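Participant: Let me begin by handing over the structure; questions about it come next.
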Amino acid sequence: MFNRHIHLSMGKVLPIASKTDFFLALAMTVRDSLMESWLKTSVTYAEVDPRRGYYLSMEYLMGRTLHNAIGNLGLNKEIQEALHQLGLRMEALRECERDAGLGNGGLGRLAACLMDSCATMQMPVTGYGLRYEYGIFQQEINEHGAQVELPDDWLAKGNPWEIHRPDFLQQVQFYGRVEVHGGRRVWVDTQTLDAVPYDVPVPGYHNATINTVRLWAAQSNCKFQFDQFQAGNYIEAVLKRNQAESLCRCLYPNDALMRGKELRLKQEYLLVSASLQVTLFLATKAPHASASASSGHSLYVASQVVIQLNDTHPALAVPELMRLLLDTEDMPWDQAWAITQKCCAYTNHTLLPEALERWSVELLHHVLPRHLEIIYEINQRFLDGPVRKKFGADDHKRRELSIVEEQPERVVNMAKLCVVACFAVNGVAAIHSRLLKSDTFAAYMPLFESKFTNKTNGVTPRRWLLHANPDLSDLISKHIGTEWPTHLDQLEKLNEFVEDEALLRELLAIKRRAKKSFAAFIRGKWGIDIHHGHLFDFQVKRIHEYKRQLLNLLHVIHLYLTIKDGGFVAKRVVFIGGKAAPGYARAKTIIQLINNVARVINADPDTNDVLKLVFLRNYDVTLTEKLLPAADLCQQISTAGKEASGTSNMKFQLNGVPIVGTIDGANVEILDRVGEDAFFRFGHTVEELQELRHSYNPAQLVEEQPTLRRVLRLIESGTFHPPGDEAGGQAFEDLARDLRERDEYFLVADFESYCATQARVAQLHGADPLKWARLMLRNIACGGFFSSDRTIRDYNKDIWHLPTNIVPRVRLEQATF
Ligand SMILES: *Cc1c(COP(=O)(O)O)cnc(C)c1O
């Protein structure tokens with residue numbers, strides 16, 4: 001099959017085929033092996049017509065597909081051998097694949113992990129998203145140590161995994177106005193775009209289920225431009241098509257930050273409108289639906305469809321579903337509302353106020369006038385109905401609960417819309433879900449408390465352990481058998497081996513090998529020399545003030561000063577990796593400071609055989625897979641109450657990497673399971689910070705901490721200023737001053753506790769390898785809960801109620817596979 005693809009698809013003979021040709025031929029070979037199961041899965045869903053789930057997400061951070069697909073198909077050995085006969089190495093070909101970086105961070109990666117689990121558990125779930133031509137930007141670092149963003153043209157050499165389906169296109173409208181025709185409201189004079197789907201396979205693990213993620217691309221609509229072509233503006237009309245097609249060109253690179261851009265609103269609407277139109281179409285032409293009357297079709301939708309909104313980004317699903325039912329299906333309001341409420345469920349991902357989506361009424365009126373009307377009516381009926389019933393004519397309550405807010409300008413609060421319209425609302429870790437109820441949505445509790453649940457995030461153990469860390473996986477399988485990748489609770493059996501010295505020594509040996517090879521990788525890529533015997537300490541995630549990469553850096557500078565003073569510091573390499581949103585100046589300053597501290601420390605002969613600081617450029621899914629096996633320590637040090645869940649903590653834990661962390665997000669549940677011995681906790685709790693906030697005086701606290709004072713002074717002294725970049729140096733000083741004056745994220749308050757905990761970590765790691773190996777084993781053994789299979793089971797039990805194990809069983813006609 002591989003040779004055929006080299007010849008027939010790539011049009012090459014072996015001697016002149018490039019590495020990319022080999023990769024593409026291999027990918028197409030693997031795709032061929034998926035195709036029969038993929039078709040069978042689709043046909044089975046169509047014939048069995050089960051209740052189905054639709055996951056709507058603006059982001060899917062999929063990473064590479066090849067290795068995961070081969071692993072899930074169980075074809076590793078066969079392919080490796082076949083390639084070997086041709087003198088090729090699979091590891092080398094893998095490196096040709098570009099990451100599908102259609103997401104920013106945790107939210108997008110969660111979508112990818114959940115899709116993997118749905119396929120593995122054989123559940124009829126389809127993901128809908130956008131096919132950005134440019135995913136998350138490529139990060140480079142310039143000569144001043146600052147981040148530079150470059151376009152991620154991931155499709156340049158073709159994408160072997162997607163299937164373009166122009167015959168399934170959906171028309172999406174924008175702009176125009178609402179008119180009343182014979183008592184009915186009609187959206188007229190709109191501009192139309194075509195949404196064209198590209199289908200991507202999501203293979204389950206060692207089963208025949210292949211689910212689909214369907215990504216929409218914008219395409220110009222011929223009919224709409226008819227007038228211009230008629231008028232003879234041929235060239236101009238053709239050029240205009242380009243503009244329309246830019247809609248899905250680029251992913252917005254903001255993580256946990258809302259920017260009210262018109263283009264983004266249109267992206268969100270395109271996703272929602274195209275996906276819901278197909279969903280309604282599928283549901284109404286399903287075998288069971290066609291037996292009932294036409295209004296029965298739509299009622300059928302309510303029982304057969306559940307739509308999960310990944311944050312509020314697809315919240316326009318609420319007014320769009322209403323519009324489709326009211327205006328195109330001619331349904332009365334109450335019926336349409338009942339169906340919408342029954343279908344839609346909402347996942348909240350953040351407590352940060354700057355991340356909550358609020359669209360200006362003016363913009364909505366311009367782009368989606370009919371939807372604005374519908375939102376107003378939803379709000380009016382909500383305030384006049386349930387709110388009046390519960391609170392009477394309390395004006396304060398009405399204002400507080402209103403979906404439409406009168407701030408400096410009038411805006412629609414999309415999270416409030418979701419809370420009012422959806423039948424389920426969930427947070428993504430226990431503490432986060434609790435804070436949603438007590439804080440963010442507290443005002444809604446008297447009305448809707450029963451809608452609120454928790455669904456603690458998880459990660460797929462296939463990609464993040466089985467495929468990313470084969471040596472550790474083999475060791476695990478040798479001791480507890482091979483069922484754990486789909487029954488992750490079985491990792492608990494490893495607890496029986498805590499005193500098994502041979503196993504512990506093997507754990508350490510695997511780690512040593514992984515560190516050696518990661519050190520070689522770093523040396524090869526960036527020419528930085530690191531020693532694999534040192535403690536490898538990682539903080540990898542988006543750069544954000546609340547995630548406190550700066551706290552990590554303050555500690556590194558403290559270690560540096562200690563060594564300079566002749567004090568003892570355990571040997572350590574601190575790796576920090578992550579991208580900053582291009583418009584987030586403070587986050588970019590933090591990156592620049594990290595790089596300049598690294599420049600100074602790594603070049604200092606007094607310190608550089610003890611302490612190294614490495615900024616990992618262009619952190620992405622693939623780099624995460626490479627570094628996990630090599631990590632000794634994972635930093636999850638967000639300000640308590642700010643991190644909704646975190647998922648990189650789970651990836652590290654699953655790979656046996658102890659965490660130094662705050663009592664925040666999923667850390668709470670990890671600590672619960674592994675215990676205080678195997679989790680290095682530090683810092684103030686949410687409650688303590690709430691108490692502290694009133695009287696917080698960071699300037700005074702700095703004065704009381706000589707170590708921190710020295711660290712800040714060193715930053716202010718100009719030691720780390722980038723040569724030739726005065727503005728950069730000024731920004732560093734501003735950073736230090738802000739810590740004294742404001743310190744919104746309580747770095748100063750947590751510094752001492754953080755340093756003490758890090759010292760304890762280093763002491764433990766250096767003193768007793770076997771004891772450390774026990775910590776590693778304990779982390780792995782307690783990782784079962786954080787499988788995204790468990791997360792999906794929770795969603796399904798409480799929210800989705802979908803059948804599982806829908807095994808593809810259809811016989812395809814004229815099967816030629
Ligand atoms: C898992 C993952 C994240 C999420 O990391 P957090 O530490 O939970 O913020 C972000 N980016 C990538 C590439 C990931 O794999």
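Residues are named by chain letter and number: chains run A, B, ... in the order of the structure tokens, numbers start at 1 in each chain, and ligands are numbered from 1 in the order shown.
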Quick one: residues within 10 Å of ligand 1, with only C-alpha atoms and all ligand atoms, as a PyMOL selection string?
Facilitator: chain A and resi 61-63+99+101+103-110+113+255+457+459+464+539-544+547+577-579+618-625+634-638+643-652+665-666
Participant: Please identify the helix (DSSP H, G or I) residues within stretch 229-430 of chain A (assignment by DSSP from backbone atoms) and present them as a PyMOL selection string.
Facilitator: chain A and resi 229-230+234-244+262-284+289-291+294-304+317-328+333-343+353-355+361-367+369-391+395-401+414-421+430
Participant: So, with only C-alpha atoms as the atoms that count, which of A:Gln490, A:Asn3, A:Ile403, A:Lys451 lies closest to A:Leu83?
Facilitator: A:Asn3
Participant: Measuring atom to atom with only C-alpha atoms, identify which of A:Val43, A:Val420, A:Ala762, A:Cys344 is nearest to A:Ala443.
Facilitator: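 Among A:Val43, A:Val420, A:Ala762, A:Cys344, it is A:Val420 that comes nearest to A:Ala443.
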Participant: Write out as number ranges by chain which residues come within 10 Å of A:Gln219 when counting only C-alpha atoms, dropping same-chain ones fewer than 2 positions away.
Facilitator: A: 166, 169, 171, 192-196, 216-217, 221-222, 241-248
Participant: Could you check the closest approach to A:Arg370 for each of A:Ala430, A:Leu551, A:Ala315, A:Val188 and tell me which residue wins, using only C-alpha atoms?
Facilitator: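 Answer, going by the shortest atom-to-atom distance: A:Val188.
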Participant: Kindly give the distance, in Å, that separates atom CA of A:Gly145 and atom CA of A:Asn595, rounded to a single decimal.
Facilitator: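 A separation of 5.1 Å between them.
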Participant: Can you pull out the residues contacting A:Met115? Cut-off 10 Å, using only C-alpha atoms, and skip same-chain residues under 3 positions away; I want them as a PyMOL selection string.
Facilitator: chain A and resi 55+60+62+109-112+118-121+123+125-127+202-204+211-213+460+788-789+792
Participant: Would you put the residues from that selection into a file with N, CA, C and O atoms, as a tab-separated table (two decimals), in the first residue's frame?
Facilitator:
chain	number	residue	atom	x	y	z
A	55	TYR	N	-20.38	18.06	19.94
A	55	TYR	CA	-19.49	18.87	20.75
A	55	TYR	C	-19.09	20.08	19.92
A	55	TYR	O	-18.48	19.94	18.85
A	60	TYR	N	-9.63	22.96	18.60
A	60	TYR	CA	-9.21	21.56	18.75
A	60	TYR	C	-7.69	21.54	18.63
A	60	TYR	O	-7.15	21.73	17.55
A	62	MET	N	-5.19	19.36	18.31
A	62	MET	CA	-5.02	17.92	18.07
A	62	MET	C	-3.57	17.47	18.09
A	62	MET	O	-3.28	16.32	18.39
A	109	ARG	N	-7.11	21.59	23.87
A	109	ARG	CA	-6.56	20.25	24.08
A	109	ARG	C	-7.61	19.36	24.76
A	109	ARG	O	-7.70	18.18	24.48
A	110	LEU	N	-8.41	19.94	25.65
A	110	LEU	CA	-9.48	19.16	26.28
A	110	LEU	C	-10.42	18.61	25.21
A	110	LEU	O	-10.81	17.44	25.25
A	111	ALA	N	-10.80	19.47	24.27
A	111	ALA	CA	-11.70	19.02	23.20
A	111	ALA	C	-11.11	17.81	22.49
A	111	ALA	O	-11.82	16.83	22.21
A	112	ALA	N	-9.80	17.85	22.21
A	112	ALA	CA	-9.15	16.74	21.51
A	112	ALA	C	-9.16	15.48	22.39
A	112	ALA	O	-9.43	14.38	21.90
A	118	CYS	N	-14.42	9.58	23.52
A	118	CYS	CA	-15.72	9.20	22.95
A	118	CYS	C	-15.54	8.07	21.94
A	118	CYS	O	-16.33	7.12	21.91
A	119	ALA	N	-14.51	8.17	21.10
A	119	ALA	CA	-14.28	7.12	20.11
A	119	ALA	C	-13.87	5.82	20.80
A	119	ALA	O	-14.33	4.74	20.43
A	120	THR	N	-13.03	5.93	21.81
A	120	THR	CA	-12.57	4.73	22.51
A	120	THR	C	-13.72	4.05	23.25
A	120	THR	O	-13.78	2.83	23.32
A	121	MET	N	-14.65	4.86	23.78
A	121	MET	CA	-15.80	4.28	24.48
A	121	MET	C	-16.95	4.01	23.54
A	121	MET	O	-18.05	3.66	23.97
A	123	MET	N	-18.92	5.92	21.61
A	123	MET	CA	-20.10	6.75	21.80
A	123	MET	C	-20.34	7.61	20.56
A	123	MET	O	-19.40	8.14	19.98
A	125	VAL	N	-20.61	10.51	19.16
A	125	VAL	CA	-20.36	11.94	19.37
A	125	VAL	C	-19.57	12.48	18.18
A	125	VAL	O	-18.59	11.86	17.75
A	126	THR	N	-20.01	13.61	17.67
A	126	THR	CA	-19.30	14.29	16.58
A	126	THR	C	-18.81	15.64	17.09
A	126	THR	O	-19.55	16.36	17.76
A	127	GLY	N	-17.58	15.97	16.78
A	127	GLY	CA	-17.06	17.28	17.13
A	127	GLY	C	-17.24	18.24	15.96
A	127	GLY	O	-17.03	17.84	14.81
A	202	VAL	N	-11.36	10.32	13.97
A	202	VAL	CA	-10.90	10.19	15.35
A	202	VAL	C	-10.98	8.71	15.72
A	202	VAL	O	-12.05	8.21	16.06
A	203	PRO	N	-9.85	7.99	15.62
A	203	PRO	CA	-9.89	6.55	15.85
A	203	PRO	C	-9.95	6.19	17.33
A	203	PRO	O	-9.21	6.75	18.14
A	204	GLY	N	-10.85	5.29	17.67
A	204	GLY	CA	-10.86	4.74	19.02
A	204	GLY	C	-9.68	3.81	19.21
A	204	GLY	O	-9.01	3.43	18.25
A	211	ASN	N	-14.78	7.96	15.01
A	211	ASN	CA	-15.69	9.11	15.01
A	211	ASN	C	-15.13	10.23	14.14
A	211	ASN	O	-14.04	10.10	13.57
A	212	THR	N	-15.87	11.33	14.07
A	212	THR	CA	-15.51	12.41	13.16
A	212	THR	C	-15.44	13.74	13.89
A	212	THR	O	-16.30	14.05	14.71
A	213	VAL	N	-14.40	14.50	13.58
A	213	VAL	CA	-14.41	15.93	13.89
A	213	VAL	C	-14.60	16.64	12.57
A	213	VAL	O	-13.84	16.41	11.62
A	460	THR	N	-6.31	12.00	27.74
A	460	THR	CA	-6.32	10.64	27.21
A	460	THR	C	-5.02	9.92	27.54
A	460	THR	O	-3.93	10.39	27.19
A	788	SER	N	-9.50	10.94	30.57
A	788	SER	CA	-10.67	11.60	29.97
A	788	SER	C	-11.79	10.59	29.71
A	788	SER	O	-12.93	10.98	29.49
A	789	ASP	N	-11.49	9.30	29.76
A	789	ASP	CA	-12.58	8.30	29.68
A	789	ASP	C	-13.51	8.48	30.89
A	789	ASP	O	-14.73	8.41	30.75
A	792	ILE	N	-15.60	11.59	30.37
A	792	ILE	CA	-16.70	11.34	29.43
A	792	ILE	C	-17.80	10.50	30.09
A	792	ILE	O	-18.99	10.74	29.90
Participant: So, with only C-alpha atoms as the atoms that count, which of A:Ala92, A:Ala630, A:Val610, A:Leu351 lies closest to A:Arg513?
Facilitator: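 Nearest to A:Arg513: A:Ala630.
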Participant: Tell me which of A:Leu321, A:Cys96, A:Val412, A:Ile670 sits closest to A:Glu362, counting only C-alpha atoms.
Facilitator: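 The shortest atom-to-atom distance to A:Glu362 comes from A:Val412.
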Participant: Show which residues sit within 8 Å of A:Ser37, as a VMD selection string. Count only C-alpha atoms, and ignore same-chain residues fewer than 4 positions away.
Facilitator: chain A and resid 41 208 to 210 808
Participant: Identify which of the residues A:Arg512, A:Lys389, A:Lys12, A:Arg572 lies closest to A:Val761, counting only C-alpha atoms when measuring atom-to-atom distances.
Facilitator: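 Distance minimum relative to A:Val761 lands on A:Arg572.
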Participant: I need the residues in stretch 517-706 of chain A that are strand (DSSP E) according to DSSP; give them as a ChimeraX atom specification.
Facilitator: /A:535-540,572-577,611-616,633-636,659-661,679-681
Participant: Restricting the output to N, CA, C and O atoms, write the selected residues as a CSV table (one decimal), in the first residue's frame.
Facilitator:
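Result written to again06.csv:
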chain,number,residue,atom,x,y,z
A,535,LEU,N,18.2,17.8,38.3
A,535,LEU,CA,16.7,17.7,38.4
A,535,LEU,C,16.1,18.5,37.3
A,535,LEU,O,16.4,19.7,37.1
A,536,PHE,N,15.3,17.8,36.5
A,536,PHE,CA,14.6,18.5,35.4
A,536,PHE,C,13.2,19.0,35.8
A,536,PHE,O,12.3,18.2,36.1
A,537,ASP,N,13.1,20.3,35.9
A,537,ASP,CA,12.0,21.0,36.5
A,537,ASP,C,11.2,21.7,35.4
A,537,ASP,O,11.8,22.6,34.7
A,538,PHE,N,9.9,21.4,35.2
A,538,PHE,CA,9.2,21.9,34.0
A,538,PHE,C,8.0,22.8,34.4
A,538,PHE,O,7.2,22.4,35.3
A,539,GLN,N,7.9,23.9,33.8
A,539,GLN,CA,6.6,24.7,33.8
A,539,GLN,C,6.2,25.0,32.3
A,539,GLN,O,6.8,25.9,31.7
A,540,VAL,N,5.3,24.3,31.8
A,540,VAL,CA,4.9,24.5,30.4
A,540,VAL,C,3.4,24.7,30.3
A,540,VAL,O,2.6,23.8,30.7
A,572,ARG,N,20.0,21.7,39.1
A,572,ARG,CA,18.7,21.8,38.6
A,572,ARG,C,18.7,22.5,37.2
A,572,ARG,O,19.4,23.4,37.0
A,573,VAL,N,17.9,22.0,36.3
A,573,VAL,CA,17.6,22.7,35.1
A,573,VAL,C,16.1,23.0,35.1
A,573,VAL,O,15.2,22.2,35.3
A,574,VAL,N,15.8,24.3,35.0
A,574,VAL,CA,14.5,24.8,35.0
A,574,VAL,C,14.1,25.1,33.6
A,574,VAL,O,14.7,25.9,32.9
A,575,PHE,N,13.0,24.4,33.1
A,575,PHE,CA,12.5,24.6,31.8
A,575,PHE,C,11.2,25.4,31.9
A,575,PHE,O,10.3,25.0,32.6
A,576,ILE,N,11.1,26.5,31.1
A,576,ILE,CA,9.8,27.2,31.0
A,576,ILE,C,9.4,27.3,29.6
A,576,ILE,O,10.3,27.7,28.7
A,577,GLY,N,8.2,26.9,29.2
A,577,GLY,CA,7.8,27.0,27.8
A,577,GLY,C,6.4,27.5,27.8
A,577,GLY,O,5.6,27.2,28.6
A,611,LEU,N,23.1,25.4,37.9
A,611,LEU,CA,21.8,25.9,37.6
A,611,LEU,C,21.7,26.3,36.1
A,611,LEU,O,22.6,27.0,35.6
A,612,LYS,N,20.7,25.8,35.4
A,612,LYS,CA,20.4,26.2,34.1
A,612,LYS,C,19.0,26.6,33.9
A,612,LYS,O,18.1,26.0,34.6
A,613,LEU,N,18.8,27.6,33.1
A,613,LEU,CA,17.4,28.0,32.8
A,613,LEU,C,17.2,27.9,31.3
A,613,LEU,O,18.0,28.5,30.5
A,614,VAL,N,16.2,27.2,30.9
A,614,VAL,CA,15.9,27.0,29.4
A,614,VAL,C,14.5,27.4,29.1
A,614,VAL,O,13.6,26.9,29.7
A,615,PHE,N,14.4,28.3,28.2
A,615,PHE,CA,13.1,28.7,27.6
A,615,PHE,C,12.8,27.8,26.4
A,615,PHE,O,13.6,27.8,25.5
A,616,LEU,N,11.8,26.9,26.5
A,616,LEU,CA,11.4,26.0,25.4
A,616,LEU,C,10.6,26.8,24.4
A,616,LEU,O,9.5,27.2,24.7
A,633,LEU,N,10.0,17.0,37.7
A,633,LEU,CA,9.1,17.8,38.5
A,633,LEU,C,8.2,18.7,37.6
A,633,LEU,O,8.7,19.1,36.6
A,634,CYS,N,7.0,18.9,38.1
A,634,CYS,CA,6.1,19.7,37.3
A,634,CYS,C,5.5,20.9,38.2
A,634,CYS,O,5.2,20.7,39.3
A,635,GLN,N,5.5,22.0,37.6
A,635,GLN,CA,5.1,23.2,38.3
A,635,GLN,C,3.7,23.6,37.9
A,635,GLN,O,3.4,23.9,36.8
A,636,GLN,N,2.8,23.6,38.9
A,636,GLN,CA,1.4,24.1,38.7
A,636,GLN,C,1.1,25.1,39.8
A,636,GLN,O,0.5,24.8,40.8
A,659,ILE,N,4.3,16.9,41.5
A,659,ILE,CA,3.9,18.2,41.2
A,659,ILE,C,4.2,19.1,42.4
A,659,ILE,O,4.0,18.7,43.6
A,660,VAL,N,4.8,20.3,42.1
A,660,VAL,CA,4.9,21.3,43.1
A,660,VAL,C,3.7,22.3,42.8
A,660,VAL,O,3.7,22.8,41.6
A,661,GLY,N,2.8,22.5,43.7
A,661,GLY,CA,1.6,23.2,43.3
A,661,GLY,C,0.8,23.9,44.4
A,661,GLY,O,1.0,23.6,45.6
A,679,PHE,N,2.8,15.1,46.8
A,679,PHE,CA,2.5,16.3,46.1
A,679,PHE,C,3.0,17.4,47.0
A,679,PHE,O,2.8,17.5,48.2
A,680,PHE,N,3.8,18.3,46.4
A,680,PHE,CA,4.5,19.4,47.1
A,680,PHE,C,3.6,20.6,47.1
A,680,PHE,O,3.7,21.5,46.2
A,681,ARG,N,2.8,20.8,48.1
A,681,ARG,CA,1.9,21.9,48.1
A,681,ARG,C,2.5,23.1,48.8
A,681,ARG,O,3.4,23.0,49.7
Participant: Suppose you want the space between atom CA of A:Val306 and atom CA of A:Thr279; what is it in Å?
Facilitator: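 About the pair atom CA of A:Val306 and atom CA of A:Thr279: they are 10.0 Å apart.
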Participant: Quick check, in Å to one decimal: how far apart do atom CA of A:Gly385 and atom CA of A:Trp333 lie?
Facilitator: 14.2 Å
